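K.L.:
This is protein_39.csv (CSV, N, CA and C atoms).
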```csv
chain,number,residue,atom,x,y,z
A,20,GLY,N,5.5,-18.5,15.1
A,20,GLY,CA,5.3,-18.0,13.8
A,20,GLY,C,6.3,-18.6,12.8
A,21,ARG,N,6.2,-18.2,11.7
A,21,ARG,CA,7.0,-18.8,10.6
A,21,ARG,C,8.5,-18.4,10.8
A,22,PHE,N,8.9,-17.3,11.3
A,22,PHE,CA,10.2,-16.9,11.5
A,22,PHE,C,10.9,-17.2,12.8
A,23,ASP,N,10.1,-17.2,13.9
A,23,ASP,CA,10.6,-17.6,15.2
A,23,ASP,C,9.4,-18.2,15.9
A,24,PHE,N,9.7,-19.3,16.6
A,24,PHE,CA,8.7,-20.1,17.3
A,24,PHE,C,8.2,-19.4,18.5
A,25,ALA,N,8.9,-18.4,19.0
A,25,ALA,CA,8.5,-17.7,20.2
A,25,ALA,C,8.1,-16.2,19.9
A,26,THR,N,9.0,-15.3,20.2
A,26,THR,CA,8.7,-13.9,20.0
A,26,THR,C,9.7,-13.2,19.0
A,27,ILE,N,9.2,-12.3,18.3
A,27,ILE,CA,10.1,-11.4,17.4
A,27,ILE,C,10.2,-10.1,18.1
A,28,TYR,N,11.4,-9.7,18.5
A,28,TYR,CA,11.7,-8.5,19.2
A,28,TYR,C,11.9,-7.3,18.2
A,29,SER,N,12.5,-7.5,17.1
A,29,SER,CA,12.7,-6.4,16.1
A,29,SER,C,12.9,-6.9,14.7
A,30,ILE,N,12.6,-6.0,13.8
A,30,ILE,CA,12.9,-6.2,12.4
A,30,ILE,C,13.7,-5.1,11.9
A,31,ASN,N,14.9,-5.3,11.4
A,31,ASN,CA,15.9,-4.3,11.0
A,31,ASN,C,16.3,-4.4,9.6
A,32,SER,N,16.6,-3.3,8.9
A,32,SER,CA,17.1,-3.3,7.5
A,32,SER,C,18.6,-3.6,7.5
A,33,LEU,N,19.0,-4.5,6.6
A,33,LEU,CA,20.5,-4.7,6.3
A,33,LEU,C,20.6,-4.8,4.8
A,34,HIS,N,21.2,-3.8,4.2
A,34,HIS,CA,21.4,-3.8,2.7
A,34,HIS,C,20.0,-3.8,2.1
A,35,ASN,N,19.7,-4.8,1.3
A,35,ASN,CA,18.3,-4.9,0.7
A,35,ASN,C,17.4,-5.9,1.4
A,36,ASP,N,17.9,-6.4,2.5
A,36,ASP,CA,17.2,-7.5,3.3
A,36,ASP,C,16.7,-7.0,4.6
A,37,PHE,N,16.2,-7.9,5.4
A,37,PHE,CA,15.8,-7.6,6.8
A,37,PHE,C,16.5,-8.6,7.7
A,38,ILE,N,16.9,-8.2,8.9
A,38,ILE,CA,17.4,-9.0,10.0
A,38,ILE,C,16.3,-9.1,11.0
A,39,ILE,N,15.9,-10.3,11.4
A,39,ILE,CA,14.8,-10.4,12.4
A,39,ILE,C,15.5,-10.9,13.7
A,40,HIS,N,15.3,-10.1,14.8
A,40,HIS,CA,15.8,-10.5,16.1
A,40,HIS,C,14.7,-11.2,16.8
A,41,GLY,N,14.8,-12.5,16.8
A,41,GLY,CA,13.7,-13.3,17.5
A,41,GLY,C,14.3,-13.8,18.9
A,42,GLU,N,13.4,-14.3,19.7
A,42,GLU,CA,13.8,-14.9,21.0
A,42,GLU,C,14.7,-16.1,20.8
A,43,LEU,N,14.4,-16.9,19.8
A,43,LEU,CA,15.2,-18.1,19.6
A,43,LEU,C,16.2,-18.1,18.5
A,44,ASP,N,15.9,-17.2,17.5
A,44,ASP,CA,16.7,-17.2,16.3
A,44,ASP,C,17.0,-15.8,15.8
A,45,ILE,N,18.1,-15.6,15.1
A,45,ILE,CA,18.3,-14.4,14.3
A,45,ILE,C,18.2,-14.9,12.9
A,46,LEU,N,17.5,-14.1,12.0
A,46,LEU,CA,17.3,-14.5,10.7
A,46,LEU,C,17.6,-13.4,9.7
A,47,ARG,N,18.0,-13.7,8.5
A,47,ARG,CA,18.1,-12.7,7.4
A,47,ARG,C,17.1,-13.2,6.4
A,48,ILE,N,16.2,-12.3,6.0
A,48,ILE,CA,15.2,-12.6,5.0
A,48,ILE,C,15.2,-11.5,3.9
A,49,THR,N,14.7,-12.0,2.7
A,49,THR,CA,14.6,-11.0,1.6
A,49,THR,C,13.4,-10.2,1.8
A,50,ARG,N,13.2,-9.1,1.0
A,50,ARG,CA,12.1,-8.3,1.1
A,50,ARG,C,10.8,-9.1,0.7
A,51,GLU,N,11.0,-10.2,0.0
A,51,GLU,CA,9.8,-11.0,-0.3
A,51,GLU,C,9.5,-12.0,0.8
A,52,GLY,N,10.3,-12.1,1.8
A,52,GLY,CA,10.0,-13.0,2.9
A,52,GLY,C,10.7,-14.3,2.9
A,53,GLU,N,11.6,-14.5,2.0
A,53,GLU,CA,12.4,-15.8,1.9
A,53,GLU,C,13.5,-15.7,2.9
A,54,ILE,N,13.7,-16.8,3.6
A,54,ILE,CA,14.8,-16.9,4.6
A,54,ILE,C,16.1,-17.2,3.9
A,55,LYS,N,17.1,-16.3,4.1
A,55,LYS,CA,18.4,-16.5,3.5
A,55,LYS,C,19.3,-17.4,4.5
A,56,TRP,N,19.2,-17.1,5.8
A,56,TRP,CA,19.9,-17.9,6.8
A,56,TRP,C,19.2,-17.7,8.2
A,57,ARG,N,19.5,-18.6,9.1
A,57,ARG,CA,18.9,-18.6,10.4
A,57,ARG,C,20.1,-19.0,11.4
A,58,PHE,N,20.2,-18.2,12.5
A,58,PHE,CA,21.2,-18.5,13.5
A,58,PHE,C,20.6,-18.7,14.8
A,59,SER,N,20.9,-19.8,15.5
A,59,SER,CA,20.4,-20.0,16.8
A,59,SER,C,21.6,-20.1,17.8
A,60,GLY,N,21.4,-19.7,19.1
A,60,GLY,CA,22.4,-19.8,20.1
A,60,GLY,C,22.1,-20.9,21.1
A,61,ARG,N,22.8,-20.8,22.2
A,61,ARG,CA,22.7,-21.9,23.2
A,61,ARG,C,21.4,-21.6,24.1
A,62,ASP,N,20.9,-20.3,24.1
A,62,ASP,CA,19.8,-20.0,24.9
A,62,ASP,C,19.0,-18.9,24.2
A,63,ILE,N,18.0,-18.3,24.8
A,63,ILE,CA,17.2,-17.3,24.2
A,63,ILE,C,18.0,-16.0,24.1
A,64,PHE,N,17.7,-15.2,23.0
A,64,PHE,CA,18.4,-14.0,22.8
A,64,PHE,C,17.8,-12.8,23.5
A,65,VAL,N,17.9,-12.8,24.8
A,65,VAL,CA,17.5,-11.7,25.7
A,65,VAL,C,18.4,-11.8,26.9
A,66,THR,N,18.7,-10.7,27.6
A,66,THR,CA,19.5,-10.7,28.7
A,66,THR,C,18.7,-10.7,30.0
A,67,GLN,N,19.3,-11.3,31.1
A,67,GLN,CA,18.6,-11.3,32.4
A,67,GLN,C,18.4,-9.9,32.9
A,68,SER,N,19.4,-9.0,32.7
A,68,SER,CA,19.4,-7.7,33.2
A,68,SER,C,18.4,-6.7,32.5
A,69,GLY,N,18.0,-7.1,31.3
A,69,GLY,CA,17.2,-6.3,30.5
A,69,GLY,C,17.9,-5.3,29.6
A,70,GLU,N,19.3,-5.4,29.6
A,70,GLU,CA,20.1,-4.5,28.8
A,70,GLU,C,19.9,-4.9,27.3
A,71,ASP,N,20.2,-4.0,26.4
A,71,ASP,CA,20.1,-4.3,25.0
A,71,ASP,C,20.9,-5.5,24.6
A,72,SER,N,20.4,-6.5,24.0
A,72,SER,CA,21.1,-7.7,23.7
A,72,SER,C,21.4,-7.9,22.2
A,73,PHE,N,21.0,-6.9,21.4
A,73,PHE,CA,21.1,-7.0,19.9
A,73,PHE,C,21.6,-5.7,19.3
A,74,ARG,N,22.6,-5.8,18.5
A,74,ARG,CA,23.1,-4.7,17.7
A,74,ARG,C,23.6,-5.1,16.3
A,75,ILE,N,23.3,-4.2,15.4
A,75,ILE,CA,23.8,-4.4,14.0
A,75,ILE,C,24.9,-3.4,13.9
A,76,LYS,N,26.1,-3.8,13.5
A,76,LYS,CA,27.3,-3.0,13.3
A,76,LYS,C,27.4,-2.9,11.8
A,77,ASP,N,28.6,-2.4,11.3
A,77,ASP,CA,28.8,-2.2,9.9
A,77,ASP,C,28.6,-3.5,9.1
A,78,ARG,N,29.3,-4.5,9.4
A,78,ARG,CA,29.3,-5.7,8.6
A,78,ARG,C,29.0,-7.0,9.5
A,79,HIS,N,28.5,-6.8,10.7
A,79,HIS,CA,28.2,-7.9,11.5
A,79,HIS,C,27.1,-7.6,12.5
A,80,ILE,N,26.7,-8.6,13.2
A,80,ILE,CA,25.6,-8.5,14.2
A,80,ILE,C,26.2,-9.0,15.5
A,81,GLU,N,25.9,-8.3,16.6
A,81,GLU,CA,26.3,-8.7,17.9
A,81,GLU,C,25.0,-9.0,18.7
A,82,VAL,N,25.0,-10.2,19.4
A,82,VAL,CA,23.8,-10.6,20.2
A,82,VAL,C,24.3,-11.3,21.4
A,83,ILE,N,23.5,-11.2,22.5
A,83,ILE,CA,23.9,-11.8,23.8
A,83,ILE,C,22.7,-12.7,24.2
A,84,ASP,N,23.0,-13.9,24.7
A,84,ASP,CA,21.9,-14.7,25.1
A,84,ASP,C,21.6,-14.6,26.6
A,85,TRP,N,20.6,-15.4,27.1
A,85,TRP,CA,20.2,-15.3,28.5
A,85,TRP,C,21.4,-15.7,29.5
A,86,LYS,N,22.3,-16.6,29.1
A,86,LYS,CA,23.4,-17.0,29.9
A,86,LYS,C,24.6,-16.0,29.8
A,87,GLY,N,24.5,-15.0,29.0
A,87,GLY,CA,25.5,-14.0,28.9
A,87,GLY,C,26.5,-14.3,27.8
A,88,THR,N,26.3,-15.3,27.0
A,88,THR,CA,27.2,-15.7,25.9
A,88,THR,C,27.0,-14.6,24.8
A,89,GLN,N,28.1,-14.0,24.3
A,89,GLN,CA,28.0,-13.1,23.2
A,89,GLN,C,28.4,-13.8,21.9
A,90,TYR,N,27.6,-13.5,20.9
A,90,TYR,CA,27.8,-14.0,19.6
A,90,TYR,C,28.1,-12.8,18.6
A,91,VAL,N,29.0,-13.0,17.7
A,91,VAL,CA,29.2,-12.1,16.6
A,91,VAL,C,29.0,-12.9,15.3
A,92,ILE,N,28.0,-12.4,14.5
A,92,ILE,CA,27.6,-13.1,13.3
A,92,ILE,C,27.9,-12.2,12.1
A,93,ASP,N,28.5,-12.7,11.1
A,93,ASP,CA,28.7,-11.9,9.9
A,93,ASP,C,27.4,-11.8,9.1
A,94,GLU,N,27.4,-11.0,8.0
A,94,GLU,CA,26.2,-10.8,7.3
A,94,GLU,C,25.7,-12.0,6.5
A,95,ASN,N,26.5,-13.1,6.5
A,95,ASN,CA,26.1,-14.3,5.9
A,95,ASN,C,25.6,-15.4,6.9
A,96,GLY,N,25.5,-14.9,8.1
A,96,GLY,CA,24.9,-15.8,9.2
A,96,GLY,C,25.9,-16.7,9.8
A,97,GLN,N,27.2,-16.5,9.6
A,97,GLN,CA,28.3,-17.3,10.1
A,97,GLN,C,28.8,-16.7,11.4
A,98,GLU,N,29.0,-17.5,12.5
A,98,GLU,CA,29.6,-17.0,13.7
A,98,GLU,C,31.1,-16.7,13.5
A,99,ILE,N,31.5,-15.4,13.8
A,99,ILE,CA,32.9,-15.0,13.7
A,99,ILE,C,33.6,-14.8,15.0
A,100,LYS,N,32.8,-14.9,16.1
A,100,LYS,CA,33.4,-14.8,17.4
A,100,LYS,C,32.6,-15.6,18.4
```
Represent the structure of the file as C-alpha cells.

P.N.:
Amino acid sequence: GRFDFATIYSINSLHNDFIIHGELDILRITREGEIKWRFSGRDIFVTQSGEDSFRIKDRHIEVIDWKGTQYVIDENGQEIK
C-alpha cells in the first residue's frame, strides 16, 4: 500500500494526526493523508512471542522489532533511544 509495503497493524490518533503502525514502517500522517514522517527499523515491527510491540505514550512511541530491538521515537519521528 501507499503507507506500508506489507501490513498495517493499527491506525492511532496523535494530536490532530494519525500514527500508522505498519509491519515495516511507523508513519505520522495528517488527517488529509499526507505523510509527515516515516520511521523504519532493522526488522519488521512485530515480536516473535506475539506480545504487544507498539505503544504510544505521552510524547513518544515505543516499538519492538522481530529481533527484540526496542525503539523510542519522539512525536517528530526522531529516535530518542

K.L.:
In Å, with one decimal, what is the gap from CA of Thr66 (chain A) to CA of Gln89 (chain A)?

P.N.:
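Atom-to-atom, CA of Thr66 (chain A) to CA of Gln89 (chain A), that is 10.4 Å.
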
K.L.:
Determine, for each residue of region 66-99 of chain A having at least one atom at most 10 Å from an atom of region 38-55 of chain A, the closest pair of atoms and their separation in Å to one decimal, counting only C-alpha atoms; order by chain and ascending number, as JSON lines.

P.N.:
```
{"residue": "A:Ser72", "atom": "CA", "partner": "A:His40", "partner_atom": "CA", "distance": 9.7}
{"residue": "A:Phe73", "atom": "CA", "partner": "A:His40", "partner_atom": "CA", "distance": 7.4}
{"residue": "A:Arg74", "atom": "CA", "partner": "A:His40", "partner_atom": "CA", "distance": 9.5}
{"residue": "A:Ile75", "atom": "CA", "partner": "A:Ile38", "partner_atom": "CA", "distance": 8.8}
{"residue": "A:Ile80", "atom": "CA", "partner": "A:Ile38", "partner_atom": "CA", "distance": 9.2}
{"residue": "A:Val82", "atom": "CA", "partner": "A:Ile45", "partner_atom": "CA", "distance": 8.9}
{"residue": "A:Asp84", "atom": "CA", "partner": "A:Glu42", "partner_atom": "CA", "distance": 9.1}
{"residue": "A:Trp85", "atom": "CA", "partner": "A:Glu42", "partner_atom": "CA", "distance": 9.9}
{"residue": "A:Ile92", "atom": "CA", "partner": "A:Ile45", "partner_atom": "CA", "distance": 9.4}
{"residue": "A:Glu94", "atom": "CA", "partner": "A:Arg47", "partner_atom": "CA", "distance": 8.3}
{"residue": "A:Asn95", "atom": "CA", "partner": "A:Arg47", "partner_atom": "CA", "distance": 8.3}
{"residue": "A:Gly96", "atom": "CA", "partner": "A:Arg47", "partner_atom": "CA", "distance": 7.7}
```

K.L.:
As an exercise, work out the distance from atom N of Phe64 (chain A) to atom C of Ile83 (chain A) in Å and give it to one decimal place.

P.N.:
5.7 Å

K.L.:
For CA of His79 (chain A) and CA of Trp56 (chain A), determine how far apart the two atoms are, in Å to one decimal place.

P.N.:
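Atom-to-atom, CA of His79 (chain A) and CA of Trp56 (chain A) are spaced 13.8 Å apart.
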